[in-house]
file coords-v4.cif (mmCIF, C-alpha atoms)
data_structure
loop_
_atom_site.label_atom_id
_atom_site.label_comp_id
_atom_site.auth_asym_id
_atom_site.auth_seq_id
_atom_site.Cartn_x
_atom_site.Cartn_y
_atom_site.Cartn_z
CA MET A 1 20.54 25.12 19.43
CA CYS A 2 20.76 27.14 22.63
CA VAL A 3 23.39 26.78 25.28
CA ASP A 4 24.31 23.39 26.69
CA PRO A 5 23.99 23.46 30.51
CA THR A 6 26.52 20.63 30.92
CA ILE A 7 29.63 22.67 29.97
CA PRO A 8 32.08 22.42 32.91
CA PRO A 9 32.18 25.42 35.26
CA PRO A 10 35.18 27.70 35.78
CA PRO A 11 37.35 27.23 38.90
CA SER A 12 35.39 27.60 42.11
CA ARG A 13 37.36 30.70 43.07
CA VAL A 14 35.68 32.62 40.21
CA THR A 15 32.57 34.05 41.82
CA ARG A 16 30.35 37.09 41.61
CA ARG A 17 32.13 40.19 40.26
CA GLY A 18 35.47 38.40 39.99
CA VAL A 19 34.71 37.48 36.42
CA LEU A 20 34.48 41.19 35.50
CA ALA A 21 37.72 41.98 37.28
CA GLY A 22 39.38 39.13 35.44
CA ALA A 23 38.28 40.49 32.09
CA ALA A 24 39.57 43.95 32.93
CA VAL A 25 42.91 42.50 34.05
CA LEU A 26 43.18 40.51 30.84
CA ALA A 27 42.37 43.46 28.60
CA GLY A 28 44.45 45.91 30.58
CA GLY A 29 47.48 43.63 30.47
CA ALA A 30 47.05 43.06 26.74
CA ALA A 31 46.84 46.80 26.10
CA LEU A 32 50.18 47.28 27.86
CA THR A 33 52.03 44.53 26.04
CA GLY A 34 55.16 45.74 24.29
CA THR A 35 55.62 48.87 26.44
CA ALA A 36 57.73 49.53 29.48
CA ALA A 37 54.56 49.53 31.53
CA GLY A 38 53.90 46.01 30.28
CA THR A 39 56.37 44.68 32.84
CA ALA A 40 54.08 45.78 35.62
CA SER A 41 51.56 43.35 37.04
CA ALA A 42 48.32 42.79 35.12
CA THR A 43 46.40 43.81 38.21
CA GLU A 44 48.21 47.12 38.39
CA GLY A 45 47.56 47.71 34.69
CA ALA A 46 43.86 47.08 35.13
CA ARG A 47 43.71 49.35 38.17
CA THR A 48 45.42 52.16 36.24
CA HIS A 49 42.78 52.00 33.49
CA GLN A 50 39.90 51.00 35.73
CA SER A 51 37.73 54.08 35.22
CA ARG A 52 38.84 55.08 31.72
CA PRO A 53 38.60 52.48 28.95
CA PRO A 54 40.49 53.33 25.73
CA ARG A 55 39.03 55.95 23.43
CA GLY A 56 37.80 54.88 20.04
CA GLY A 57 39.74 55.11 16.83
CA THR A 58 39.83 57.97 14.34
CA LEU A 59 39.44 56.77 10.78
CA ILE A 60 38.30 57.83 7.32
CA ILE A 61 36.58 55.38 4.96
CA ASP A 62 37.26 56.98 1.59
CA GLY A 63 35.25 56.14 -1.52
CA GLY A 64 32.90 53.19 -1.90
CA THR A 65 29.13 53.07 -2.01
CA LEU A 66 27.36 53.83 1.27
CA LEU A 67 24.04 52.15 2.11
CA ASP A 68 21.81 53.56 4.82
CA PRO A 69 19.49 50.69 5.85
CA LEU A 70 16.92 52.97 7.45
CA THR A 71 16.14 55.06 4.37
CA GLY A 72 17.52 52.76 1.69
CA ARG A 73 19.55 55.69 0.42
CA VAL A 74 22.60 54.74 -1.65
CA THR A 75 25.49 57.23 -1.89
CA GLU A 76 28.24 56.62 -4.42
CA ASP A 77 31.82 57.78 -3.86
CA ALA A 78 30.93 58.28 -0.22
CA VAL A 79 33.12 59.20 2.73
CA VAL A 80 32.64 58.16 6.36
CA VAL A 81 34.53 60.06 9.04
CA ILE A 82 34.91 58.37 12.44
CA GLU A 83 36.42 60.37 15.29
CA ASP A 84 37.21 58.86 18.69
CA GLY A 85 34.99 55.87 17.91
CA SER A 86 31.90 57.82 16.81
CA VAL A 87 30.66 58.81 13.37
CA ARG A 88 31.44 62.47 12.76
CA ALA A 89 30.08 62.55 9.21
CA ALA A 90 28.90 60.21 6.46
CA GLY A 91 27.81 61.13 2.97
CA THR A 92 29.06 62.63 -0.25
CA ARG A 93 32.65 63.73 -0.65
CA ARG A 94 31.55 67.36 -0.84
CA ALA A 95 29.32 67.19 2.24
CA THR A 96 32.08 65.63 4.37
CA ARG A 97 35.09 67.61 3.18
CA ASN A 98 35.28 69.90 6.23
CA ASP A 99 35.07 66.92 8.59
CA VAL A 100 37.78 65.11 6.63
CA ALA A 101 40.02 68.18 6.88
CA ALA A 102 39.47 68.36 10.65
CA VAL A 103 40.78 64.84 11.33
CA ARG A 104 43.01 64.09 8.34
CA LYS A 105 46.31 64.60 10.20
CA VAL A 106 45.47 62.00 12.86
CA ALA A 107 43.12 59.64 11.02
CA ARG A 108 43.87 56.30 9.48
CA VAL A 109 42.48 56.07 5.93
CA ILE A 110 40.84 53.01 4.40
CA ARG A 111 40.31 53.15 0.64
CA ALA A 112 36.90 51.66 -0.15
CA ASN A 113 36.69 52.27 -3.88
CA GLY A 114 34.66 49.55 -5.60
CA ARG A 115 33.25 48.30 -2.32
CA TRP A 116 30.00 48.85 -0.41
CA ILE A 117 29.94 50.40 3.06
CA LEU A 118 27.30 49.37 5.61
CA PRO A 119 26.94 49.82 9.37
CA GLY A 120 28.28 47.02 11.53
CA LEU A 121 25.89 44.09 11.67
CA ILE A 122 24.05 42.84 14.76
CA ASP A 123 23.54 39.21 15.75
CA ALA A 124 20.51 39.27 18.04
CA HIS A 125 20.87 35.67 19.24
CA ILE A 126 24.27 34.06 19.72
CA HIS A 127 26.03 32.12 22.47
CA LEU A 128 29.64 33.28 22.96
CA SER A 129 31.67 31.82 25.81
CA ASN A 130 35.30 32.43 24.81
CA GLN A 131 37.48 35.00 23.08
CA THR A 132 38.16 32.84 20.03
CA ASP A 133 34.50 32.52 19.08
CA ALA A 134 33.78 36.14 19.97
CA HIS A 135 36.59 37.29 17.70
CA ARG A 136 35.34 35.09 14.89
CA ALA A 137 31.87 36.65 15.24
CA ILE A 138 33.22 40.17 14.90
CA LYS A 139 35.49 39.20 12.00
CA LEU A 140 32.37 37.94 10.23
CA GLY A 141 30.72 41.33 10.63
CA ALA A 142 28.79 41.15 13.93
CA THR A 143 30.09 44.25 15.68
CA SER A 144 27.24 44.08 18.22
CA ILE A 145 25.45 41.04 19.59
CA ARG A 146 22.74 40.04 22.03
CA SER A 147 23.70 36.97 24.00
CA GLY A 148 21.31 34.04 24.05
CA SER A 149 22.77 33.05 27.45
CA THR A 150 25.95 31.34 28.61
CA SER A 151 26.59 28.72 31.26
CA PHE A 152 28.79 30.71 33.65
CA TYR A 153 28.43 34.42 32.85
CA GLN A 154 31.12 34.39 30.17
CA ASP A 155 29.07 36.89 28.18
CA ILE A 156 29.36 39.43 31.00
CA ALA A 157 33.14 39.01 31.06
CA LEU A 158 33.27 39.37 27.26
CA ARG A 159 31.13 42.50 27.51
CA GLU A 160 33.71 44.00 29.84
CA LEU A 161 36.53 42.91 27.57
CA ALA A 162 34.85 44.71 24.67
CA ARG A 163 35.04 47.96 26.66
CA TRP A 164 38.77 47.61 27.25
CA ALA A 165 39.81 46.04 23.96
CA PRO A 166 37.44 47.33 21.27
CA GLY A 167 37.90 45.43 18.05
CA ARG A 168 38.77 42.17 19.74
CA VAL A 169 35.21 41.09 20.48
CA PRO A 170 31.74 42.51 19.67
CA ARG A 171 29.85 44.92 21.85
CA ILE A 172 27.60 42.64 23.89
CA ARG A 173 24.17 42.75 25.49
CA ALA A 174 24.58 39.98 28.06
CA ALA A 175 21.91 37.49 29.16
CA GLY A 176 23.82 35.54 31.81
CA VAL A 177 22.38 32.12 32.66
CA PHE A 178 19.22 30.57 31.25
CA VAL A 179 15.97 30.64 33.24
CA THR A 180 15.11 27.00 32.61
CA PRO A 181 13.59 24.18 34.65
CA LYS A 182 16.81 22.13 34.73
CA LEU A 183 19.85 24.26 35.48
CA GLY A 184 22.32 21.37 35.40
CA ASP A 185 25.86 22.47 36.24
CA THR A 186 24.83 26.07 35.56
CA ILE A 187 23.68 26.06 39.17
CA LEU A 188 27.40 26.41 40.00
CA ALA A 189 27.61 29.73 38.18
CA ASP A 190 26.78 31.68 41.32
CA PRO A 191 26.61 30.67 45.00
CA ASP A 192 23.20 32.31 45.31
CA LEU A 193 21.77 29.68 42.95
CA ALA A 194 22.77 26.83 45.26
CA PRO A 195 19.50 26.78 47.29
CA LEU A 196 17.66 25.81 44.10
CA SER A 197 19.36 22.41 44.23
CA ARG A 198 16.81 21.38 46.87
CA LEU A 199 13.90 21.71 44.44
CA LYS A 200 12.71 18.30 43.29
CA ASP A 201 10.98 19.65 40.18
CA GLY A 202 13.62 22.22 39.31
CA VAL A 203 13.08 25.92 38.63
CA ARG A 204 9.30 26.05 38.36
CA THR A 205 7.87 27.86 41.37
CA ALA A 206 7.42 31.62 41.32
CA GLU A 207 10.05 31.96 44.03
CA ALA A 208 12.59 29.90 42.08
CA LEU A 209 11.95 31.77 38.84
CA ARG A 210 12.41 35.10 40.58
CA ARG A 211 15.61 33.84 42.23
CA VAL A 212 17.28 33.02 38.91
CA VAL A 213 16.23 36.37 37.44
CA GLU A 214 17.43 38.27 40.49
CA VAL A 215 20.80 36.52 40.53
CA ASN A 216 21.21 37.39 36.85
CA LEU A 217 20.32 41.00 37.53
CA SER A 218 22.77 41.15 40.42
CA ARG A 219 25.49 40.04 38.02
CA GLY A 220 24.64 42.93 35.73
CA VAL A 221 22.88 41.27 32.79
CA ASP A 222 21.18 43.40 30.15
CA VAL A 223 18.46 40.90 29.20
CA ILE A 224 16.91 37.69 30.56
CA LYS A 225 16.66 34.47 28.55
CA THR A 226 13.98 31.85 29.23
CA ARG A 227 12.22 29.07 27.37
CA VAL A 228 8.72 27.75 26.84
CA ASN A 229 9.71 24.57 24.94
CA GLU A 230 12.42 21.95 25.10
CA ARG A 231 15.52 22.11 22.88
CA ALA A 232 15.59 21.29 19.17
CA GLY A 233 19.33 20.61 19.25
CA SER A 234 19.08 17.59 21.54
CA PRO A 235 17.91 14.27 20.08
CA THR A 236 16.51 13.22 23.47
CA GLU A 237 14.22 16.26 23.77
CA ASP A 238 10.99 17.14 21.98
CA PRO A 239 11.05 20.83 20.98
CA LEU A 240 7.24 20.91 20.95
CA THR A 241 6.97 19.91 24.60
CA GLN A 242 6.02 22.92 26.74
CA VAL A 243 7.98 23.38 29.97
CA TYR A 244 6.53 26.65 31.33
CA ASP A 245 2.96 27.92 31.25
CA ARG A 246 1.82 31.48 30.76
CA ASP A 247 1.76 32.29 34.47
CA GLN A 248 5.32 31.05 34.97
CA LEU A 249 6.51 33.06 31.99
CA ALA A 250 4.69 36.14 33.27
CA THR A 251 6.46 35.75 36.63
CA THR A 252 9.83 35.77 34.87
CA VAL A 253 8.87 38.78 32.75
CA ALA A 254 7.67 40.73 35.79
CA ALA A 255 10.86 39.99 37.73
CA ALA A 256 12.97 41.07 34.77
CA ARG A 257 11.03 44.29 34.29
CA ARG A 258 11.53 45.23 37.92
CA GLY A 259 15.25 45.16 37.19
CA GLY A 260 14.92 47.06 33.92
CA ALA A 261 15.53 44.03 31.69
CA THR A 262 13.60 42.56 28.77
CA VAL A 263 13.03 38.84 28.13
CA LEU A 264 13.81 36.72 25.08
CA CYS A 265 12.05 33.36 24.89
CA HIS A 266 13.16 30.11 23.24
CA SER A 267 10.02 28.60 21.69
CA TYR A 268 8.74 26.30 18.96
CA SER A 269 5.12 25.23 19.48
CA GLU A 270 2.22 27.45 18.47
CA LYS A 271 0.64 27.35 21.94
CA GLY A 272 3.96 27.93 23.66
CA ILE A 273 4.73 30.91 21.47
CA HIS A 274 1.30 32.41 22.11
CA ASP A 275 1.66 31.94 25.87
CA ALA A 276 5.08 33.64 25.77
CA VAL A 277 3.77 36.60 23.79
CA MET A 278 0.79 37.04 26.11
CA ALA A 279 3.16 36.85 29.09
CA GLY A 280 4.99 39.89 27.75
CA VAL A 281 8.32 38.66 26.40
CA SER A 282 10.16 41.10 24.15
CA SER A 283 11.09 38.57 21.49
CA ILE A 284 10.30 35.07 20.26
CA GLU A 285 13.37 33.02 19.40
CA HIS A 286 13.16 30.22 16.77
CA GLY A 287 9.33 30.24 16.72
CA VAL A 288 8.95 27.56 14.04
CA TYR A 289 5.20 27.05 14.44
CA LEU A 290 4.36 30.71 14.93
CA GLY A 291 0.71 31.12 13.91
CA GLU A 292 -1.01 34.08 12.30
CA ARG A 293 -3.18 34.80 15.35
CA THR A 294 -0.02 35.18 17.43
CA MET A 295 1.70 37.19 14.71
CA ARG A 296 -1.08 39.75 14.86
CA GLU A 297 -0.71 39.96 18.63
CA MET A 298 3.04 40.40 18.24
CA ARG A 299 2.50 43.24 15.80
CA ARG A 300 0.11 44.91 18.24
CA ARG A 301 2.54 44.58 21.12
CA GLY A 302 5.75 45.23 19.18
CA THR A 303 7.07 41.78 20.05
CA TYR A 304 10.02 40.79 17.88
CA PHE A 305 10.56 37.55 15.97
CA THR A 306 14.12 36.16 15.77
CA PRO A 307 13.77 33.06 13.53
CA THR A 308 17.40 31.81 13.79
CA LEU A 309 17.13 30.15 10.37
CA ALA A 310 20.89 29.65 10.21
CA ALA A 311 20.73 27.36 13.22
CA MET A 312 18.05 25.25 11.56
CA ALA A 313 20.09 25.05 8.37
CA SER A 314 23.06 23.86 10.43
CA LEU A 315 20.85 21.35 12.21
CA ALA A 316 19.80 19.93 8.84
CA ALA A 317 23.46 19.06 8.20
CA ASP A 318 23.99 17.42 11.61
CA PRO A 319 25.45 13.88 11.54
CA ASP A 320 22.76 12.75 13.98
CA PRO A 321 19.85 11.55 11.78
CA ILE A 322 17.21 12.69 14.28
CA LEU A 323 18.58 16.23 14.36
CA ALA A 324 19.18 16.35 10.62
CA GLU A 325 15.59 15.33 9.91
CA ARG A 326 14.35 17.88 12.43
CA GLY A 327 16.37 20.65 10.79
CA ARG A 328 15.13 19.73 7.30
CA ARG A 329 11.55 19.77 8.54
CA PHE A 330 11.79 22.98 10.57
CA LEU A 331 13.70 25.22 8.15
CA PRO A 332 11.05 25.67 5.43
CA ILE A 333 8.28 26.03 8.04
CA ALA A 334 10.25 28.73 9.85
CA GLN A 335 11.02 30.51 6.57
CA ARG A 336 7.32 30.64 5.71
CA ALA A 337 6.59 31.95 9.21
CA ALA A 338 9.25 34.64 8.83
CA LEU A 339 7.84 35.79 5.49
CA ARG A 340 4.26 35.89 6.76
CA ALA A 341 5.34 37.72 9.90
CA HIS A 342 7.12 40.29 7.76
CA GLU A 343 4.06 40.71 5.55
CA LEU A 344 1.91 41.35 8.63
CA GLY A 345 4.32 43.91 10.04
CA VAL A 346 5.89 41.88 12.85
CA PRO A 347 9.37 43.29 13.57
CA ILE A 348 12.11 40.77 12.74
CA ALA A 349 15.72 40.55 13.91
CA SER A 350 18.53 38.37 12.63
CA GLY A 351 20.19 35.88 14.97
CA THR A 352 22.34 32.87 14.16
CA ASP A 353 21.97 30.97 17.47
CA SER A 354 25.63 30.06 16.97
CA SER A 355 27.46 28.52 19.88
CA THR A 356 30.93 27.42 20.95
CA GLY A 357 33.07 26.17 18.10
CA ALA A 358 30.48 26.81 15.37
CA VAL A 359 30.03 30.53 14.80
CA ASP A 360 28.03 31.31 11.67
CA PRO A 361 28.28 34.66 9.87
CA ILE A 362 25.29 36.87 10.60
CA GLY A 363 25.16 37.39 6.85
CA ARG A 364 24.03 33.77 6.52
CA GLU A 365 20.87 34.59 8.49
CA VAL A 366 20.22 37.60 6.25
CA GLU A 367 20.69 35.35 3.21
CA LEU A 368 18.17 32.79 4.52
CA LEU A 369 15.62 35.53 5.22
CA ARG A 370 16.10 36.79 1.68
CA GLU A 371 15.57 33.23 0.40
CA ALA A 372 12.39 33.12 2.50
CA GLY A 373 11.02 35.99 0.42
CA LEU A 374 11.93 39.17 2.29
CA PRO A 375 13.07 41.99 -0.01
CA ALA A 376 16.84 42.48 0.11
CA LEU A 377 16.70 45.81 1.94
CA ASP A 378 14.27 44.48 4.53
CA ALA A 379 16.45 41.41 5.07
CA ILE A 380 19.45 43.71 5.64
CA ARG A 381 17.41 45.75 8.11
CA THR A 382 16.89 42.67 10.29
CA ALA A 383 20.64 42.74 11.03
CA THR A 384 20.95 46.52 11.28
CA THR A 385 18.18 48.95 12.21
CA GLY A 386 15.66 46.28 13.21
CA ALA A 387 18.04 44.35 15.43
CA ALA A 388 19.34 47.62 16.93
CA ARG A 389 15.85 48.49 18.17
CA LEU A 390 15.37 45.04 19.67
CA VAL A 391 18.64 44.96 21.59
CA GLY A 392 18.36 48.55 22.83
CA LEU A 393 21.03 50.11 20.60
CA SER A 394 18.86 52.08 18.19
CA ARG A 395 20.67 55.34 18.97
CA SER A 396 24.15 53.97 18.39
CA ALA A 397 24.01 50.99 16.00
CA GLY A 398 22.44 49.99 12.71
CA ARG A 399 23.34 53.16 10.79
CA LEU A 400 26.37 55.25 9.89
CA GLU A 401 25.05 58.65 10.94
CA ARG A 402 26.56 61.43 13.03
CA GLY A 403 26.72 60.43 16.69
CA PHE A 404 26.38 56.71 16.02
CA ARG A 405 29.14 54.34 17.01
CA GLY A 406 31.88 53.92 14.40
CA ASP A 407 31.10 50.31 13.44
CA ALA A 408 31.11 49.39 9.75
CA VAL A 409 31.49 46.51 7.32
CA LEU A 410 32.87 46.73 3.80
CA VAL A 411 31.78 44.15 1.25
CA ASP A 412 33.00 43.52 -2.28
CA ARG A 413 29.67 43.58 -4.12
CA ASP A 414 26.22 45.13 -4.00
CA PRO A 415 24.29 43.58 -1.07
CA LEU A 416 21.00 44.83 -2.50
CA ASP A 417 21.67 42.62 -5.50
CA ASP A 418 23.10 39.70 -3.52
CA VAL A 419 22.78 39.78 0.27
CA ALA A 420 25.18 36.82 0.45
CA ALA A 421 27.92 39.46 0.13
CA LEU A 422 27.40 40.11 3.85
CA LYS A 423 28.71 36.66 4.74
CA ASN A 424 32.28 37.60 3.82
CA PRO A 425 33.08 41.22 4.65
CA SER A 426 36.44 42.34 3.34
CA THR A 427 36.92 44.82 6.21
CA VAL A 428 35.24 45.15 9.59
CA ILE A 429 35.55 48.28 11.70
CA SER A 430 34.62 48.35 15.37
CA TYR A 431 34.56 51.57 17.37
CA GLY A 432 36.75 53.19 14.74
CA PHE A 433 39.34 50.40 14.75
CA PRO A 434 39.87 47.94 11.88
CA VAL A 435 39.38 44.41 13.20
CA ASP A 436 42.55 42.36 12.78
CA ALA A 437 42.65 38.74 11.69
#
call {"tool": "encode", "arguments": {"input": "coords-v4.cif", "output": "structure tokens"}}
result
Amino acid sequence: MCVDPTIPPPPSRVTRRGVLAGAAVLAGGAALTGTAAGTASATEGARTHQSRPPRGGTLIIDGGTLLDPLTGRVTEDAVVVIEDGSVRAAGTRRATRNDVAAVRKVARVIRANGRWILPGLIDAHIHLSNQTDAHRAIKLGATSIRSGSTSFYQDIALRELARWAPGRVPRIRAAGVFVTPKLGDTILADPDLAPLSRLKDGVRTAEALRRVVEVNLSRGVDVIKTRVNERAGSPTEDPLTQVYDRDQLATTVAAARRGGATVLCHSYSEKGIHDAVMAGVSSIEHGVYLGERTMREMRRRGTYFTPTLAAMASLAADPDPILAERGRRFLPIAQRAALRAHELGVPIASGTDSSTGAVDPIGREVELLREAGLPALDAIRTATTGAARLVGLSRSAGRLERGFRGDAVLVDRDPLDDVAALKNPSTVISYGFPVDA
């Protein structure tokens, strides 16, 4: 659970903005494959498209039952019209007929009869560091994600790739590298982190904390990830041991805010969670021992709770007996915390905390929240409208309404009756393009 700082770094020549250029070259070259222009160099292809990423797709989803998570409204025999990657219209056949007529000659049509249509889902905590895992995440319905950090800014490169090759990977809110006491080999992610190697106690001083945040911001991250407790996914660590105090967390939050970024905080212990909330983080991740006093403070502040129940369920099945016992113990406690937080009005977002080689469907997190006691519609909202607000996409994700991005999932049965349907979408649409296998 949470990124492993010991993953080997990329070649030393990959520094600073080079990772973004590499992603653009990769996507630009791929877009030209199979054309005469494809014989040109990848660099030339990227330069040609440098300031104009591809436009979105134009598509009609015809028939099916449309669910709007915000209102709970269900529309049978619905039509969704997506033009150039954005929703032009969504609703009854009669209400959308003029919009259908306007794009019919150029639109691809997907027949959705007998299926349910929902907006693309959002995984608010996931660690993606390669194209294979990123593509698996989008195939499983996560058309937008918030990174929980990577070791060497792979999430920033994937974010760029998503601009140039929509449908290949999810739209990404990148977190860059973890603000954590022990950077490990992550210190090699950027030359400006090298001076921190002199610190005997690691990244703990105000100056060191600000340095990591500032390097992240210089690389163009959207959010900052930090921790208040040790990892649950390591048998040699105690997830209830606190590693940063309130003042240290507040320093990180202040540095992030100066750069226009919010902070998500890995946490487990009740005191650690409370310190993080009081320090001003935007969301509590994992939060197993979240107490009611802190829940009420979170509701007052609008602090989100991302329980990552799917990660705890996976931990319970780990072959390591220490981790398996930890997962079995944590999961029911976290589910009770999620239900109580929901009852008190704490905003909740779904996140799988998946990482390299083990990407869980975001629908699994929705299913576990439903099992915890959340009503089906509210559980679905944690991966749509609720998560969209948390990750800063509330005007473009989480609904299929005019002006929103053309991201959708089609499932074979009623998710209000069985939210597990979201684990296996039959069709995923990203930016108006069907996602290929």
call {"tool": "atom_distance", "arguments": {"input": "coords-v4.cif", "atom1": "atom CA of Thr92 of chain A", "atom2": "atom CA of Pro425 of chain A"}}
result
22.3 Å
call {"tool": "residues_around", "arguments": {"input": "coords-v4.cif", "residues": "segment 267-283 of chain A", "least_positions_apart": "2", "cutoff": "10 Å", "atoms": "only C-alpha atoms", "output": "PyMOL selection string"}}
result
chain A and resi 223-232+238-254+256-257+261-265+285-295+297-298+301-306+330+334+347-349+390-391
call {"tool": "closest_atom_pairs", "arguments": {"input": "coords-v4.cif", "of": "segment 108-216 of chain A", "to": "segment 351-374 of chain A", "cutoff": "9 Å", "atoms": "all atoms listed in the file", "output": "CSV"}}
result
residue,atom,partner,partner_atom,distance
A:Leu121,CA,A:Ile362,CA,7.3
A:Ile122,CA,A:Ile362,CA,7.4
A:Asp123,CA,A:Gly351,CA,4.8
A:Ala124,CA,A:Gly351,CA,4.6
A:His125,CA,A:Gly351,CA,4.3
A:Ile126,CA,A:Asp353,CA,4.5
A:His127,CA,A:Ser355,CA,4.7
A:Leu128,CA,A:Ser355,CA,6.1
A:Ser129,CA,A:Thr356,CA,6.6
A:Asn130,CA,A:Thr356,CA,7.7
A:Thr132,CA,A:Gly357,CA,8.6
A:Asp133,CA,A:Thr356,CA,6.5
A:Ala134,CA,A:Val359,CA,8.5
A:Arg136,CA,A:Val359,CA,7.0
A:Ala137,CA,A:Val359,CA,6.4
A:Ile138,CA,A:Pro361,CA,8.9
A:Lys139,CA,A:Pro361,CA,8.8
A:Leu140,CA,A:Pro361,CA,5.3
A:Gly141,CA,A:Ile362,CA,7.0
A:Ala142,CA,A:Ile362,CA,6.5
A:Ile145,CA,A:Gly351,CA,8.7
A:Arg146,CA,A:Gly351,CA,8.6
A:Gly148,CA,A:Asp353,CA,7.3
call {"tool": "closest_residue", "arguments": {"input": "coords-v4.cif", "among": "A:Ala311, A:Val435, A:Leu67, A:Leu339", "to": "Ala165 of chain A", "atoms": "only C-alpha atoms"}}
result
A:Val435
call {"tool": "resolve_selection", "arguments": {"input": "coords-v4.cif", "expression": "the PyMOL selection byres ((chain A and resi 64) around 12)", "output": "PyMOL selection string"}}
result
chain A and resi 60-63+65-67+74-80+90-93+110-118+409-414
call {"tool": "write_last_selection", "arguments": {"input": "coords-v4.cif", "atoms": "C-alpha atoms", "output": "PDB file, in the frame of the given file"}}
result
ATOM      1  CA  ILE A  60      38.300  57.830   7.320  1.00  0.00           C
ATOM      2  CA  ILE A  61      36.580  55.380   4.960  1.00  0.00           C
ATOM      3  CA  ASP A  62      37.260  56.980   1.590  1.00  0.00           C
ATOM      4  CA  GLY A  63      35.250  56.140  -1.520  1.00  0.00           C
ATOM      5  CA  THR A  65      29.130  53.070  -2.010  1.00  0.00           C
ATOM      6  CA  LEU A  66      27.360  53.830   1.270  1.00  0.00           C
ATOM      7  CA  LEU A  67      24.040  52.150   2.110  1.00  0.00           C
ATOM      8  CA  VAL A  74      22.600  54.740  -1.650  1.00  0.00           C
ATOM      9  CA  THR A  75      25.490  57.230  -1.890  1.00  0.00           C
ATOM     10  CA  GLU A  76      28.240  56.620  -4.420  1.00  0.00           C
ATOM     11  CA  ASP A  77      31.820  57.780  -3.860  1.00  0.00           C
ATOM     12  CA  ALA A  78      30.930  58.280  -0.220  1.00  0.00           C
ATOM     13  CA  VAL A  79      33.120  59.200   2.730  1.00  0.00           C
ATOM     14  CA  VAL A  80      32.640  58.160   6.360  1.00  0.00           C
ATOM     15  CA  ALA A  90      28.900  60.210   6.460  1.00  0.00           C
ATOM     16  CA  GLY A  91      27.810  61.130   2.970  1.00  0.00           C
ATOM     17  CA  THR A  92      29.060  62.630  -0.250  1.00  0.00           C
ATOM     18  CA  ARG A  93      32.650  63.730  -0.650  1.00  0.00           C
ATOM     19  CA  ILE A 110      40.840  53.010   4.400  1.00  0.00           C
ATOM     20  CA  ARG A 111      40.310  53.150   0.640  1.00  0.00           C
ATOM     21  CA  ALA A 112      36.900  51.660  -0.150  1.00  0.00           C
ATOM     22  CA  ASN A 113      36.690  52.270  -3.880  1.00  0.00           C
ATOM     23  CA  GLY A 114      34.660  49.550  -5.600  1.00  0.00           C
ATOM     24  CA  ARG A 115      33.250  48.300  -2.320  1.00  0.00           C
ATOM     25  CA  TRP A 116      30.000  48.850  -0.410  1.00  0.00           C
ATOM     26  CA  ILE A 117      29.940  50.400   3.060  1.00  0.00           C
ATOM     27  CA  LEU A 118      27.300  49.370   5.610  1.00  0.00           C
ATOM     28  CA  VAL A 409      31.490  46.510   7.320  1.00  0.00           C
ATOM     29  CA  LEU A 410      32.870  46.730   3.800  1.00  0.00           C
ATOM     30  CA  VAL A 411      31.780  44.150   1.250  1.00  0.00           C
ATOM     31  CA  ASP A 412      33.000  43.520  -2.280  1.00  0.00           C
ATOM     32  CA  ARG A 413      29.670  43.580  -4.120  1.00  0.00           C
ATOM     33  CA  ASP A 414      26.220  45.130  -4.000  1.00  0.00           C
TER      34      ASP A 414
END
call {"tool": "closest_residue", "arguments": {"input": "coords-v4.cif", "among": "A:Gly85, A:Pro319, A:Gly398, A:Gly72", "to": "Thr58 of chain A", "atoms": "only C-alpha atoms"}}
result
A:Gly85
call {"tool": "atom_distance", "arguments": {"input": "coords-v4.cif", "atom1": "atom CA of Arg104 of chain A", "atom2": "atom CA of Thr427 of chain A"}}
result
20.3 Å
call {"tool": "residues_around", "arguments": {"input": "coords-v4.cif", "residues": "Thr236 of chain A", "least_positions_apart": "6", "cutoff": "12 Å", "atoms": "all atoms listed in the file", "output": "number ranges by chain"}}
result
A: 230, 320, 322-323
call {"tool": "closest_residue", "arguments": {"input": "coords-v4.cif", "among": "A:Ser234, A:Asn216, A:Asp84, A:Ser151", "to": "Gly184 of chain A", "atoms": "only C-alpha atoms"}}
result
A:Ser151
call {"tool": "atom_distance", "arguments": {"input": "coords-v4.cif", "atom1": "atom CA of Arg88 of chain A", "atom2": "atom CA of Leu158 of chain A"}}
result
27.3 Å
call {"tool": "closest_residue", "arguments": {"input": "coords-v4.cif", "among": "A:Asp318, A:Asp436, A:Asp201, A:Asp185", "to": "His135 of chain A", "atoms": "only C-alpha atoms"}}
result
A:Asp436
call {"tool": "closest_residue", "arguments": {"input": "coords-v4.cif", "among": "A:Thr205, A:Thr186, A:Ser144, A:Thr180", "to": "Ile429 of chain A", "atoms": "all atoms listed in the file"}}
result
A:Ser144
call {"tool": "axis_aligned_box", "arguments": {"input": "coords-v4.cif", "around": "segment 62-80 of chain A", "padding_each_side": "4 Å", "output": "lines of an AutoDock Vina configuration file"}}
result
center_x = 26.7
center_y = 54.9
center_z = 1.5
size_x = 29.1
size_y = 16.5
size_z = 19.9
call {"tool": "residues_around", "arguments": {"input": "coords-v4.cif", "residues": "Leu400 of chain A", "least_positions_apart": "3", "cutoff": "9 Å", "atoms": "all atoms listed in the file", "output": "ChimeraX atom specification"}}
result
/A:66-68,80,87,89-90,118-120,396-397,403-408
call {"tool": "closest_residue", "arguments": {"input": "coords-v4.cif", "among": "A:Leu393, A:Val428, A:Ile380, A:Ala194", "to": "Pro415 of chain A", "atoms": "all atoms listed in the file"}}
result
A:Ile380
